[in-house]
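Trainee: For reference, the file input02.tsv (TSV, C-alpha atoms and all ligand atoms) is included below:
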```
chain	number	residue	atom	x	y	z
T	1289	MET	CA	58.79	83.68	117.56
T	1290	ALA	CA	61.69	82.16	115.61
T	1291	VAL	CA	62.61	79.00	117.47
T	1292	LYS	CA	66.06	77.55	117.07
T	1293	ALA	CA	66.33	75.69	113.79
T	1294	ILE	CA	66.79	71.93	114.09
T	1295	ILE	CA	68.48	71.81	110.71
T	1296	GLU	CA	70.63	74.77	109.83
T	1297	PRO	CA	69.07	76.81	107.06
T	1298	VAL	CA	70.81	77.25	103.74
T	1299	VAL	CA	71.90	80.88	103.95
T	1300	LEU	CA	72.15	82.41	100.52
T	1301	PRO	CA	73.56	85.92	100.31
T	1302	VAL	CA	72.65	87.70	97.07
T	1303	GLY	CA	75.48	90.02	96.06
T	1304	GLY	CA	77.27	91.31	93.02
T	1305	GLY	CA	79.11	94.50	93.75
T	1306	LYS	CA	77.09	96.92	91.72
T	1307	GLY	CA	73.85	98.73	92.36
T	1308	GLY	CA	70.83	98.32	90.13
T	1309	ILE	CA	71.66	94.82	88.86
T	1310	GLY	CA	68.50	93.16	90.17
T	1311	LYS	CA	69.60	91.73	93.53
T	1312	SER	CA	66.42	92.86	95.28
T	1313	ALA	CA	64.08	92.04	92.39
T	1314	LEU	CA	65.54	88.53	92.21
T	1315	THR	CA	65.54	87.99	95.99
T	1316	ALA	CA	61.84	88.84	96.21
T	1317	SER	CA	60.68	86.54	93.42
T	1318	LEU	CA	63.15	83.77	94.24
T	1319	GLY	CA	62.01	83.77	97.87
T	1320	LEU	CA	58.38	83.51	96.85
T	1321	ALA	CA	59.14	80.75	94.34
T	1322	LEU	CA	60.93	78.73	97.04
T	1323	ALA	CA	57.94	79.15	99.37
T	1324	ARG	CA	55.68	77.88	96.59
T	1325	LEU	CA	57.93	74.85	96.24
T	1326	GLU	CA	56.99	74.25	99.87
T	1327	ARG	CA	60.25	75.31	101.42
T	1328	SER	CA	60.19	77.74	104.32
T	1329	VAL	CA	61.99	80.92	103.38
T	1330	THR	CA	63.14	84.06	105.13
T	1331	VAL	CA	64.16	87.00	102.98
T	1332	VAL	CA	66.31	89.51	104.83
T	1333	ASP	CA	66.81	93.06	103.65
T	1334	ALA	CA	70.53	93.26	104.45
T	1335	ASP	CA	71.06	96.39	102.34
T	1336	LEU	CA	71.98	98.65	105.24
T	1337	GLY	CA	71.64	102.26	104.20
T	1338	GLY	CA	69.68	101.36	101.06
T	1339	SER	CA	66.87	99.06	102.22
T	1340	ASP	CA	64.16	98.72	99.60
T	1341	LEU	CA	63.31	95.01	99.48
T	1342	HIS	CA	59.89	95.76	100.96
T	1343	ASN	CA	59.03	97.59	97.70
T	1344	PHE	CA	59.74	94.47	95.65
T	1345	LEU	CA	57.54	92.47	98.02
T	1346	GLY	CA	54.74	95.03	97.90
T	1347	LEU	CA	54.95	95.54	101.68
T	1348	ASP	CA	54.77	98.75	103.66
T	1349	ASN	CA	57.91	100.02	105.27
T	1350	ASP	CA	56.47	100.38	108.76
T	1351	ARG	CA	58.05	97.63	110.84
T	1352	PRO	CA	61.34	97.45	112.73
T	1353	GLY	CA	64.10	95.38	111.12
T	1354	LEU	CA	67.88	94.93	111.05
T	1355	GLY	CA	68.40	98.64	111.74
T	1356	GLU	CA	66.60	98.37	115.07
T	1357	VAL	CA	68.29	95.04	115.93
T	1358	LEU	CA	71.69	96.63	115.34
T	1359	THR	CA	70.94	99.79	117.30
T	1360	ALA	CA	68.60	98.68	120.12
T	1361	LYS	CA	70.20	96.70	122.92
T	1362	ASP	CA	67.30	94.43	123.70
T	1363	LEU	CA	65.73	93.68	120.33
T	1364	SER	CA	66.48	90.28	118.84
T	1365	LEU	CA	66.29	89.15	115.23
T	1366	ALA	CA	63.45	86.80	116.21
T	1367	GLU	CA	61.36	89.82	117.23
T	1368	VAL	CA	61.56	91.49	113.83
T	1369	TRP	CA	61.10	88.24	111.89
T	1370	GLN	CA	57.59	88.41	110.46
T	1371	PRO	CA	55.36	86.20	108.37
T	1372	ALA	CA	54.42	87.86	105.09
T	1373	LEU	CA	52.59	87.24	101.83
T	1374	GLU	CA	51.85	83.54	102.26
T	1375	PRO	CA	52.57	80.43	104.33
T	1376	ARG	CA	56.23	79.54	104.78
T	1377	PHE	CA	57.37	83.03	103.77
T	1378	PHE	CA	59.03	85.37	106.28
T	1379	PHE	CA	60.53	88.80	105.97
T	1380	VAL	CA	63.12	90.70	107.99
T	1381	PRO	CA	63.04	94.39	107.06
T	1382	GLY	CA	66.25	96.41	106.73
T	1383	ASP	CA	67.04	99.73	108.28
T	1384	ALA	CA	64.78	102.04	106.30
T	1385	MET	CA	63.43	103.61	109.51
T	1386	VAL	CA	66.79	104.13	111.26
T	1387	VAL	CA	69.69	106.37	110.34
T	1388	ALA	CA	73.39	105.51	110.33
T	1389	THR	CA	73.53	101.75	110.79
T	1390	ALA	CA	75.55	101.04	107.64
T	1391	ASN	CA	78.74	100.21	109.55
T	1392	PRO	CA	77.92	98.12	112.62
T	1393	SER	CA	80.74	96.78	114.78
T	1394	PHE	CA	82.16	93.33	114.02
T	1395	GLN	CA	80.73	91.98	117.30
T	1396	LYS	CA	77.21	93.18	116.48
T	1397	LYS	CA	77.46	91.73	113.01
T	1398	ARG	CA	78.73	88.43	114.34
T	1399	LYS	CA	75.85	88.17	116.77
T	1400	LEU	CA	73.39	89.01	114.01
T	1401	LEU	CA	74.91	86.52	111.58
T	1402	ARG	CA	74.69	83.80	114.23
T	1403	ALA	CA	71.02	84.63	114.76
T	1404	ILE	CA	70.45	84.46	110.99
T	1405	LYS	CA	71.89	80.93	110.92
T	1406	ASN	CA	69.42	79.97	113.66
T	1407	LEU	CA	66.28	81.15	111.90
T	1408	ALA	CA	63.67	78.46	111.53
T	1409	SER	CA	63.64	78.37	107.74
T	1410	ASP	CA	64.90	76.04	105.05
T	1411	PHE	CA	66.38	78.99	103.19
T	1412	VAL	CA	67.49	82.45	104.27
T	1413	LEU	CA	68.09	84.85	101.39
T	1414	LEU	CA	70.15	87.94	102.22
T	1415	ASP	CA	69.57	90.85	99.86
T	1416	LEU	CA	72.86	92.75	100.00
T	1417	GLY	CA	73.67	96.36	99.28
T	1418	ALA	CA	75.80	97.60	96.42
T	1419	GLY	CA	79.56	98.03	96.62
T	1420	THR	CA	82.28	96.15	98.45
T	1421	ALA	CA	82.19	97.81	101.88
T	1422	ILE	CA	83.30	95.58	104.72
T	1423	THR	CA	79.77	95.07	106.04
T	1424	VAL	CA	78.57	93.93	102.60
T	1425	MET	CA	81.53	91.54	102.41
T	1426	ASP	CA	80.87	90.15	105.88
T	1427	PHE	CA	77.24	89.47	105.06
T	1428	TYR	CA	78.34	87.91	101.79
T	1429	LEU	CA	80.84	85.64	103.55
T	1430	THR	CA	78.26	84.27	106.01
T	1431	SER	CA	77.84	81.26	103.80
T	1432	PRO	CA	80.08	79.24	101.48
T	1433	VAL	CA	77.31	79.25	98.86
T	1434	SER	CA	76.07	82.55	97.56
T	1435	LEU	CA	74.59	84.17	94.49
T	1436	VAL	CA	76.54	86.66	92.40
T	1437	VAL	CA	74.21	88.68	90.24
T	1438	MET	CA	75.73	90.20	87.13
T	1439	LEU	CA	74.50	92.11	84.09
T	1440	PRO	CA	75.63	91.11	80.61
T	1441	GLU	CA	77.95	94.08	80.06
T	1442	ARG	CA	81.73	94.26	80.03
T	1443	PRO	CA	82.08	96.67	82.98
T	1444	ALA	CA	79.69	94.45	84.93
T	1445	VAL	CA	82.00	91.45	84.53
T	1446	LEU	CA	84.88	93.53	85.87
T	1447	ASN	CA	82.69	94.61	88.76
T	1448	ALA	CA	81.59	91.08	89.58
T	1449	PHE	CA	85.19	89.89	89.38
T	1450	ASN	CA	86.38	92.66	91.70
T	1451	PHE	CA	83.51	91.85	94.06
T	1452	LEU	CA	84.67	88.22	94.30
T	1453	LYS	CA	88.28	89.33	94.66
T	1454	ASN	CA	87.40	91.70	97.49
T	1455	ALA	CA	85.38	88.99	99.20
T	1456	LEU	CA	88.31	86.61	98.93
T	1457	PHE	CA	90.68	89.14	100.50
T	1458	ARG	CA	88.19	89.89	103.26
T	1459	ALA	CA	87.81	86.15	103.97
T	1460	LEU	CA	91.59	85.73	104.27
T	1461	GLU	CA	91.97	88.94	106.25
T	1462	ARG	CA	89.50	87.59	108.81
T	1463	ILE	CA	91.38	84.29	109.15
T	1464	PHE	CA	94.83	85.86	109.45
T	1465	ARG	CA	93.96	89.06	111.28
T	1466	ASP	CA	96.35	88.33	114.19
T	1467	ASN	CA	99.54	87.66	112.30
T	1468	LEU	CA	101.66	90.54	111.06
T	1469	ALA	CA	103.62	88.58	108.46
T	1470	THR	CA	100.53	87.07	106.77
T	1471	LYS	CA	98.78	90.43	106.97
T	1472	LYS	CA	101.70	92.01	105.13
T	1473	ALA	CA	101.71	89.30	102.48
T	1474	LEU	CA	97.98	89.78	101.94
T	1475	ALA	CA	98.32	93.56	101.76
T	1476	SER	CA	101.05	93.35	99.13
T	1477	PHE	CA	98.71	91.39	96.84
T	1478	GLN	CA	95.69	93.50	97.69
T	1479	SER	CA	97.45	96.70	96.72
T	1480	ARG	CA	98.03	95.46	93.17
T	1481	SER	CA	95.72	96.75	90.48
T	1482	ARG	CA	92.08	95.67	90.37
T	1483	GLY	CA	90.72	93.63	87.52
T	1484	PRO	CA	91.96	90.38	86.02
T	1485	GLY	CA	95.62	89.55	85.38
T	1486	ALA	CA	96.97	91.36	88.45
T	1487	MET	CA	97.55	88.27	90.57
T	1488	LYS	CA	97.31	84.50	90.70
T	1489	VAL	CA	95.93	82.87	93.80
T	1490	ALA	CA	98.69	80.23	93.72
T	1491	ASP	CA	101.28	83.01	94.17
T	1492	LEU	CA	99.29	84.49	97.02
T	1493	ILE	CA	99.07	81.10	98.74
T	1494	ALA	CA	102.82	80.61	98.30
T	1495	ALA	CA	103.48	84.05	99.81
T	1496	MET	CA	101.21	83.24	102.76
T	1497	GLU	CA	103.09	79.98	103.33
T	1498	ALA	CA	106.43	81.78	103.19
T	1499	ALA	CA	105.14	84.29	105.76
T	1500	LEU	CA	103.86	81.61	108.13
T	1501	PRO	CA	104.29	77.85	107.70
T	1502	GLY	CA	100.84	76.26	107.40
T	1503	ALA	CA	99.14	79.51	106.38
T	1504	GLY	CA	99.26	78.55	102.71
T	1505	GLU	CA	97.21	75.42	103.28
T	1506	ARG	CA	94.69	77.25	105.44
T	1507	ALA	CA	94.33	79.94	102.80
T	1508	ALA	CA	93.94	77.35	100.04
T	1509	ASN	CA	91.21	75.58	102.05
T	1510	ALA	CA	89.38	78.85	102.65
T	1511	VAL	CA	89.38	79.59	98.93
T	1512	GLN	CA	88.30	76.10	97.95
T	1513	ARG	CA	85.37	75.84	100.35
T	1514	TRP	CA	83.74	78.84	98.83
T	1515	ARG	CA	81.27	78.35	95.98
T	1516	PRO	CA	79.73	81.45	94.38
T	1517	LYS	CA	76.84	80.77	92.00
T	1518	LEU	CA	76.38	83.12	89.09
T	1519	VAL	CA	73.03	84.49	87.98
T	1520	LEU	CA	73.28	86.52	84.79
T	1521	ASN	CA	70.34	88.93	84.89
T	1522	ARG	CA	68.63	91.02	82.18
T	1523	VAL	CA	69.79	88.77	79.37
T	1524	ARG	CA	68.57	89.94	75.97
T	1525	ARG	CA	70.48	87.86	73.46
T	1526	VAL	CA	72.24	84.54	73.32
T	1527	ASP	CA	75.50	86.47	72.77
T	1528	ASP	CA	75.10	87.79	76.32
T	1529	PHE	CA	75.96	84.34	77.69
T	1530	ALA	CA	79.61	85.03	76.84
T	1531	TYR	CA	79.85	87.38	79.82
T	1532	ALA	CA	79.18	84.48	82.16
T	1533	ARG	CA	81.99	82.53	80.52
T	1534	GLN	CA	84.29	85.47	81.01
T	1535	LEU	CA	83.60	85.64	84.76
T	1536	GLU	CA	83.96	81.85	85.11
T	1537	ARG	CA	87.38	82.09	83.44
T	1538	TRP	CA	88.74	85.07	85.34
T	1539	ALA	CA	87.55	83.73	88.69
T	1540	SER	CA	89.17	80.38	88.01
T	1541	GLU	CA	92.46	81.65	86.55
T	1542	ASP	CA	93.18	84.44	89.02
T	1543	LEU	CA	91.29	83.49	92.16
T	1544	GLY	CA	91.11	79.71	91.92
T	1545	LEU	CA	87.34	80.01	92.45
T	1546	MET	CA	84.92	77.60	90.82
T	1547	VAL	CA	81.92	79.67	89.82
T	1548	GLU	CA	78.83	77.66	88.95
T	1549	VAL	CA	76.53	79.24	86.37
T	1550	LEU	CA	73.20	78.75	88.12
T	1551	GLY	CA	71.05	80.44	85.54
T	1552	PHE	CA	70.25	83.16	83.05
T	1553	VAL	CA	67.37	85.51	83.78
T	1554	PRO	CA	65.90	87.43	80.87
T	1555	GLU	CA	65.20	91.12	80.56
T	1556	ASP	CA	61.47	91.42	81.17
T	1557	ASP	CA	59.04	94.32	81.58
T	1558	VAL	CA	57.22	92.35	84.26
T	1559	VAL	CA	59.86	93.50	86.79
T	1560	ALA	CA	59.05	97.18	86.34
T	1561	GLU	CA	55.32	96.47	86.03
T	1562	ALA	CA	55.39	94.57	89.32
T	1563	ALA	CA	57.28	97.38	91.06
T	1564	ALA	CA	54.70	99.88	89.80
T	1565	ALA	CA	51.83	97.67	90.96
T	1566	GLY	CA	53.39	96.96	94.38
T	1567	ARG	CA	53.45	93.24	93.65
T	1568	VAL	CA	56.09	90.53	93.46
T	1569	ALA	CA	56.95	89.93	89.79
T	1570	LEU	CA	56.52	86.15	90.16
T	1571	ASP	CA	53.04	86.80	91.50
T	1572	LEU	CA	52.01	89.42	88.95
T	1573	ASN	CA	52.72	87.10	86.06
T	1574	PRO	CA	54.07	83.65	86.87
T	1575	ARG	CA	54.22	82.82	83.16
T	1576	ALA	CA	56.44	85.75	82.26
T	1577	ALA	CA	59.93	84.84	81.09
T	1578	PHE	CA	61.46	86.43	84.22
T	1579	SER	CA	59.18	84.39	86.49
T	1580	ARG	CA	59.92	81.15	84.68
T	1581	ALA	CA	63.65	81.75	84.94
T	1582	VAL	CA	63.31	82.50	88.64
T	1583	ALA	CA	61.14	79.42	89.16
T	1584	LEU	CA	63.84	77.35	87.50
T	1585	LEU	CA	66.49	78.85	89.77
T	1586	ALA	CA	64.25	78.14	92.77
T	1587	TRP	CA	63.82	74.57	91.65
T	1588	LYS	CA	67.59	74.04	91.43
T	1589	ILE	CA	68.15	75.70	94.80
T	1590	SER	CA	65.29	73.87	96.54
T	1591	GLN	CA	67.09	70.53	96.01
T	1592	TRP	CA	69.60	71.60	98.63
T	1593	SER	CA	67.09	72.19	101.39
T	1594	GLY	CA	68.55	70.91	104.67
T	1595	LYS	CA	71.84	70.19	102.94
T	1596	ALA	CA	73.86	73.38	103.32
T	1597	GLN	CA	77.13	71.53	103.88
T	1598	ALA	CA	76.56	69.13	101.01
T	1599	TRP	CA	75.77	72.00	98.65
T	1600	ALA	CA	78.94	73.79	99.68
T	1601	ALA	CA	80.98	70.66	99.07
T	1602	HIS	CA	79.24	69.80	95.80
T	1603	LYS	CA	81.60	69.97	92.85
T	1604	GLY	CA	79.52	68.28	90.18
T	1605	PHE	CA	78.69	71.33	88.19
T	1606	ALA	CA	80.97	70.92	85.21
T	1607	GLY	CA	78.86	71.95	82.21
T	1608	SER	CA	76.67	74.27	84.30
T	1609	PHE	CA	77.11	77.00	81.68
T	1610	GLU	CA	75.85	74.75	78.88
T	1611	ARG	CA	72.91	73.55	81.00
T	1612	ALA	CA	71.87	77.08	81.90
T	1613	ALA	CA	72.15	78.07	78.24
T	1614	THR	CA	69.93	75.18	77.09
T	1615	GLU	CA	67.32	76.02	79.69
T	1616	PHE	CA	67.08	79.61	78.55
T	1617	ALA	CA	65.12	79.50	75.27
T	1618	PRO	CA	62.00	77.66	76.53
T	1619	LEU	CA	61.56	80.32	79.21
T	1620	PHE	CA	59.85	82.61	76.74
T	1621	PRO	CA	56.14	81.77	76.58
T	1622	PRO	CA	54.31	82.35	73.31
T	1623	PRO	CA	52.51	85.71	73.16
T	1624	GLY	CA	48.96	85.67	74.54
T	1625	THR	CA	49.57	82.81	77.00
T	1626	PRO	CA	46.93	83.17	79.74
T	1627	MET	CA	47.83	83.64	83.39
T	1628	PRO	CA	48.01	80.33	85.27
T	1629	THR	CA	45.88	79.66	88.31
T	1630	ARG	CA	47.59	79.02	91.63
T	1631	GLU	CA	47.30	75.27	91.12
T	1632	GLU	CA	48.74	75.55	87.63
T	1633	LEU	CA	51.59	77.62	88.98
T	1634	LEU	CA	52.40	74.94	91.53
T	1635	LYS	CA	52.42	72.44	88.71
T	1636	LEU	CA	54.53	74.76	86.61
T	1637	LEU	CA	57.02	75.15	89.42
T	1638	ARG	CA	57.10	71.45	90.17
T	1639	GLY	CA	57.09	70.44	86.52
T	1640	GLN	CA	60.48	71.97	86.11
T	1641	LYS	CA	61.89	68.95	87.91
T	1642	ALA	CA	62.17	67.17	84.62
T	1701	LIG	N1	65.32	90.84	84.64
T	1701	LIG	C1	64.98	92.14	84.66
T	1701	LIG	N2	64.30	92.68	83.61
T	1701	LIG	C2	63.95	93.99	83.61
T	1701	LIG	N3	64.24	94.83	84.61
T	1701	LIG	C3	64.92	94.36	85.67
T	1701	LIG	C4	65.32	93.00	85.76
T	1701	LIG	N4	65.97	92.83	86.93
T	1701	LIG	C5	65.98	94.03	87.54
T	1701	LIG	N5	65.36	94.96	86.80
T	1701	LIG	C6	65.19	96.39	87.14
T	1701	LIG	O1	66.45	96.89	87.49
T	1701	LIG	C7	66.34	97.86	88.49
T	1701	LIG	C8	67.27	97.55	89.63
T	1701	LIG	O2	66.85	96.37	90.29
T	1701	LIG	P1	67.12	96.14	91.83
T	1701	LIG	O3	66.68	97.29	92.65
T	1701	LIG	O4	66.60	94.80	92.16
T	1701	LIG	O5	68.72	96.12	91.83
T	1701	LIG	P2	69.70	95.98	93.08
T	1701	LIG	O6	70.87	95.22	92.58
T	1701	LIG	O7	68.98	95.45	94.25
T	1701	LIG	O8	70.14	97.49	93.34
T	1701	LIG	P3	70.70	98.14	94.70
T	1701	LIG	O9	72.09	97.61	94.90
T	1701	LIG	O10	70.69	99.59	94.41
T	1701	LIG	O11	69.79	97.73	95.80
T	1701	LIG	C9	64.88	97.89	88.92
T	1701	LIG	O12	64.28	99.00	88.32
T	1701	LIG	C10	64.31	96.62	88.35
T	1701	LIG	O13	62.97	96.80	87.98
T	1702	MG	MG	68.66	96.19	96.14
```
Please go through the file and, once you have read it, give me the structure as structure tokens.
Ligand SMILES: Nc1ncnc2c1ncn2[C@@H]1O[C@H](COP(=O)(O)OP(=O)(O)OP(=O)(O)O)[C@@H](O)[C@H]1O
Ligand SMILES: [Mg+2]

Mentor:
Amino acid sequence: MAVKAIIEPVVLPVGGGKGGIGKSALTASLGLALARLERSVTVVDADLGGSDLHNFLGLDNDRPGLGEVLTAKDLSLAEVWQPALEPRFFFVPGDAMVVATANPSFQKKRKLLRAIKNLASDFVLLDLGAGTAITVMDFYLTSPVSLVVMLPERPAVLNAFNFLKNALFRALERIFRDNLATKKALASFQSRSRGPGAMKVADLIAAMEAALPGAGERAANAVQRWRPKLVLNRVRRVDDFAYARQLERWASEDLGLMVEVLGFVPEDDVVAEAAAAGRVALDLNPRAAFSRAVALLAWKISQWSGKAQAWAAHKGFAGSFERAATEFAPLFPPPGTPMPTREELLKLLRGQKA
């Protein structure tokens, strides 16, 4: 069914290191918002061992998905790729119906990730599992652009930072897997304590160069081509924004990573109400603060349709924190605002161009 894509889709893994931070809730509504902005979207439940994206989409868990693709010899990704909900929206279920697929071999993963990049969609969102297991990291590293979801709490910033740090080490480990000296240099940095202040990427790059001439430059390039985008979820107060600043700073100082603040998403009862009703939050109430924030994220992301490489290379996001902060307040509609019709929603989604 899925023919080879003419233009490579923008693959957007949605990670963050911790469980229960809203990766799946955001993936579901963001996917739907992108489809309503007339982009074709595939949402993939890549949470092996913990698949539950179907719940956030209000779909039954009765179709084969990644679990079957990873365990059956002759089942391709295209065969489990299914249209859902509305035009331009596609869903690939996880492994809810299969046991023990959480650690597939590197070869199987590579084949799967190649197939993901060939899906006929403008955007492919990968809803990742919690933690920093190798499979989660490998899914996360499929694309140079990715979303990091984080809650506005101090331990959450540490978690998000450690998630990025783990991903960085995994990326370098994959590049330098065949060289003993660079492997040793990497391991000596990796074994330092977690959290901020334990290392500086410049020292790591220098150690890599000392281990193998040329390795430093390759490592530096690998770090620089990687552009995580931060989504701070469940924001309650303006003070919460400070946590985004903190991650920006730590990622830049220790890891040399430029984290763009893509947006703030408010705490909103609509998420739980939608889960209880078996609906997508964006659909249940498109005017809710959560839905508006997600629509705004979708609008920003939709600009990069067909331009995966350009988005990855894009550096013009100085001031992204301030922009996201300014956009936040108008997201809250006055009490008693009626539900928009479908046409109004389209307008609402498009109107956020301005
Ligand atoms: N903006 C929000 N406002 C209110 N509740 C939210 C918001 N975002 C997420 N939640 C709630 O947080 C809980 C966890 O969300 P979700 O399952 O999407 O997290 P997750 O990161 O995918 O977790 P896991 O890693 O376990 O899959 C859900 O009960 C969801 O309803
Ligand atoms: Mg989830």

Trainee: Residues of chain T within 10 Å of ligand LIG 1701 (chain T): nearest atom pair and distance (Å, one decimal) for each, counting only C-alpha atoms and all ligand atoms, sorted by chain and number, as JSON lines?

Mentor:
```
{"residue": "T:Val1302", "atom": "CA", "partner": "T:LIG1701", "partner_atom": "O6", "distance": 8.9}
{"residue": "T:Gly1303", "atom": "CA", "partner": "T:LIG1701", "partner_atom": "O6", "distance": 7.8}
{"residue": "T:Gly1304", "atom": "CA", "partner": "T:LIG1701", "partner_atom": "O6", "distance": 7.5}
{"residue": "T:Gly1305", "atom": "CA", "partner": "T:LIG1701", "partner_atom": "O9", "distance": 7.8}
{"residue": "T:Lys1306", "atom": "CA", "partner": "T:LIG1701", "partner_atom": "O9", "distance": 6.0}
{"residue": "T:Gly1307", "atom": "CA", "partner": "T:LIG1701", "partner_atom": "O9", "distance": 3.3}
{"residue": "T:Gly1308", "atom": "CA", "partner": "T:LIG1701", "partner_atom": "O8", "distance": 3.4}
{"residue": "T:Ile1309", "atom": "CA", "partner": "T:LIG1701", "partner_atom": "O6", "distance": 3.8}
{"residue": "T:Gly1310", "atom": "CA", "partner": "T:LIG1701", "partner_atom": "O4", "distance": 3.2}
{"residue": "T:Lys1311", "atom": "CA", "partner": "T:LIG1701", "partner_atom": "O6", "distance": 3.8}
{"residue": "T:Ser1312", "atom": "CA", "partner": "T:LIG1701", "partner_atom": "O4", "distance": 3.7}
{"residue": "T:Ala1313", "atom": "CA", "partner": "T:LIG1701", "partner_atom": "O4", "distance": 3.7}
{"residue": "T:Leu1314", "atom": "CA", "partner": "T:LIG1701", "partner_atom": "O4", "distance": 6.4}
{"residue": "T:Thr1315", "atom": "CA", "partner": "T:LIG1701", "partner_atom": "O4", "distance": 7.9}
{"residue": "T:Ala1316", "atom": "CA", "partner": "T:LIG1701", "partner_atom": "O4", "distance": 8.6}
{"residue": "T:Asp1333", "atom": "CA", "partner": "T:LIG1701", "partner_atom": "O11", "distance": 9.6}
{"residue": "T:Ala1334", "atom": "CA", "partner": "T:LIG1701", "partner_atom": "O11", "distance": 9.8}
{"residue": "T:Asp1335", "atom": "CA", "partner": "T:LIG1701", "partner_atom": "O11", "distance": 6.8}
{"residue": "T:Leu1336", "atom": "CA", "partner": "T:LIG1701", "partner_atom": "O11", "distance": 9.7}
{"residue": "T:Gly1337", "atom": "CA", "partner": "T:LIG1701", "partner_atom": "O11", "distance": 9.7}
{"residue": "T:Gly1338", "atom": "CA", "partner": "T:LIG1701", "partner_atom": "O11", "distance": 6.4}
{"residue": "T:Ser1339", "atom": "CA", "partner": "T:LIG1701", "partner_atom": "O11", "distance": 7.2}
{"residue": "T:Asp1340", "atom": "CA", "partner": "T:LIG1701", "partner_atom": "O11", "distance": 6.9}
{"residue": "T:Leu1341", "atom": "CA", "partner": "T:LIG1701", "partner_atom": "O7", "distance": 7.7}
{"residue": "T:Asn1343", "atom": "CA", "partner": "T:LIG1701", "partner_atom": "O3", "distance": 9.2}
{"residue": "T:Phe1344", "atom": "CA", "partner": "T:LIG1701", "partner_atom": "O4", "distance": 7.7}
{"residue": "T:Asp1415", "atom": "CA", "partner": "T:LIG1701", "partner_atom": "O7", "distance": 7.3}
{"residue": "T:Leu1416", "atom": "CA", "partner": "T:LIG1701", "partner_atom": "O9", "distance": 7.1}
{"residue": "T:Gly1417", "atom": "CA", "partner": "T:LIG1701", "partner_atom": "O9", "distance": 4.8}
{"residue": "T:Ala1418", "atom": "CA", "partner": "T:LIG1701", "partner_atom": "O9", "distance": 4.0}
{"residue": "T:Gly1419", "atom": "CA", "partner": "T:LIG1701", "partner_atom": "O9", "distance": 7.7}
{"residue": "T:Val1437", "atom": "CA", "partner": "T:LIG1701", "partner_atom": "O6", "distance": 7.7}
{"residue": "T:Met1438", "atom": "CA", "partner": "T:LIG1701", "partner_atom": "O6", "distance": 8.9}
{"residue": "T:Leu1439", "atom": "CA", "partner": "T:LIG1701", "partner_atom": "N4", "distance": 9.0}
{"residue": "T:Leu1520", "atom": "CA", "partner": "T:LIG1701", "partner_atom": "N1", "distance": 9.1}
{"residue": "T:Asn1521", "atom": "CA", "partner": "T:LIG1701", "partner_atom": "N1", "distance": 5.4}
{"residue": "T:Arg1522", "atom": "CA", "partner": "T:LIG1701", "partner_atom": "N1", "distance": 4.1}
{"residue": "T:Val1523", "atom": "CA", "partner": "T:LIG1701", "partner_atom": "N1", "distance": 7.2}
{"residue": "T:Arg1524", "atom": "CA", "partner": "T:LIG1701", "partner_atom": "N2", "distance": 9.2}
{"residue": "T:Phe1552", "atom": "CA", "partner": "T:LIG1701", "partner_atom": "N1", "distance": 9.3}
{"residue": "T:Val1553", "atom": "CA", "partner": "T:LIG1701", "partner_atom": "N1", "distance": 5.8}
{"residue": "T:Pro1554", "atom": "CA", "partner": "T:LIG1701", "partner_atom": "N1", "distance": 5.1}
{"residue": "T:Glu1555", "atom": "CA", "partner": "T:LIG1701", "partner_atom": "N2", "distance": 3.5}
{"residue": "T:Asp1556", "atom": "CA", "partner": "T:LIG1701", "partner_atom": "N2", "distance": 3.9}
{"residue": "T:Asp1557", "atom": "CA", "partner": "T:LIG1701", "partner_atom": "C2", "distance": 5.3}
{"residue": "T:Val1558", "atom": "CA", "partner": "T:LIG1701", "partner_atom": "C2", "distance": 7.0}
{"residue": "T:Val1559", "atom": "CA", "partner": "T:LIG1701", "partner_atom": "O13", "distance": 4.7}
{"residue": "T:Ala1560", "atom": "CA", "partner": "T:LIG1701", "partner_atom": "O13", "distance": 4.3}
{"residue": "T:Glu1561", "atom": "CA", "partner": "T:LIG1701", "partner_atom": "O13", "distance": 7.9}
{"residue": "T:Ala1562", "atom": "CA", "partner": "T:LIG1701", "partner_atom": "O13", "distance": 8.0}
{"residue": "T:Ala1563", "atom": "CA", "partner": "T:LIG1701", "partner_atom": "O13", "distance": 6.5}
{"residue": "T:Ala1564", "atom": "CA", "partner": "T:LIG1701", "partner_atom": "O13", "distance": 9.0}
{"residue": "T:Ala1569", "atom": "CA", "partner": "T:LIG1701", "partner_atom": "O13", "distance": 9.3}
{"residue": "T:Ala1577", "atom": "CA", "partner": "T:LIG1701", "partner_atom": "N1", "distance": 8.8}
{"residue": "T:Phe1578", "atom": "CA", "partner": "T:LIG1701", "partner_atom": "N1", "distance": 5.9}
{"residue": "T:Ser1579", "atom": "CA", "partner": "T:LIG1701", "partner_atom": "N1", "distance": 9.1}
{"residue": "T:Ala1581", "atom": "CA", "partner": "T:LIG1701", "partner_atom": "N1", "distance": 9.2}
{"residue": "T:Val1582", "atom": "CA", "partner": "T:LIG1701", "partner_atom": "N1", "distance": 9.5}
```

Trainee: Need the neighbours of (72.9, 77.6, 85.6): which residues are at most 12 Å away, counting all atoms listed in the file, as a PyMOL selection string?

Mentor: chain T and resi 1435-1436+1516-1521+1529+1532-1533+1536+1547-1553+1581-1582+1584-1589+1605-1616

Trainee: With all atoms listed in the file as the atoms that count, which of T:Leu1414, T:Ala1490, T:Val1387, T:Ala1360 lies nearest to ligand MG 1702 (chain T)?

Mentor: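 Using all atoms listed in the file, the shortest distance to ligand MG 1702 (chain T) belongs to T:Leu1414.
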
Trainee: Mind giving me the straight-line distance from CA of Ser1593 in chain T to CA of Gln1534 in chain T in Å, one decimal?

Mentor: 29.8 Å
